[in-house]
Amino acid sequence: MSELYNSIMAGLNEAAKDAQGKTSLKRNTVTVVPVKRYSAEEVKNIRKDTGMSQRVFAEYMGVSNKTVEAWEAGKNHPSGAASRILSMMEINHQLIKEYPFVTMG
């Protein structure tokens with residue numbers, strides 16, 4: 001039999017023993033930090049800390065300039081991927097240099 005078949009069978013046998021309580025497989029617990037809800041002031045502060053104008057910040061975030069204006073006016077809030085990117089920028093102000101999606105000259 002092939003090495004692949006033997007590997008698959010060994011894994012299945014291990015899983016079956018674990019299911020029957022005859023052994024305990026190592027388990028990992030993954031915790032995902034909930035997406036933060038940013039206030040208008042927090043968005044503006046993150047943008048200013050990066051030294052970007054609203055237009056450049058919008059391009060970096062992949063959203064329209066009107067969206068950034070609305071975030072900073074408190075009319076709506078970033079969500080999903082935008083909030084994750086803001087969290088990363090908040091933690092690491094050098095993120096824009098490490099991931100230069102927009103070139104600032």
# chains A, B, ... in the order shown; residues from 1 in each chain; ligands from 1

call {"tool": "residues_around", "arguments": {"residues": "range 54-63 of chain A", "least_positions_apart": "2", "cutoff": "12 Å", "atoms": "only C-alpha atoms", "output": "JSON, numbers by chain"}}
result
{"A": [43, 44, 45, 46, 47, 48, 49, 50, 51, 52, 65, 66, 67, 68, 69, 70, 71, 72, 73, 78, 79, 80, 81, 82, 83, 84, 85, 86, 88, 89, 95, 96, 97, 99, 100, 101, 102, 103, 104, 105]}

call {"tool": "select_by_dssp", "arguments": {"residues": "chain A", "states": "helix (DSSP H, G or I)", "output": "ChimeraX atom specification"}}
result
/A:3-19,40-50,54-61,65-73,80-91,95-98

call {"tool": "atom_distance", "arguments": {"atom1": "CA of Lys36 in chain A", "atom2": "CA of Asn76 in chain A"}}
result
13.9 Å
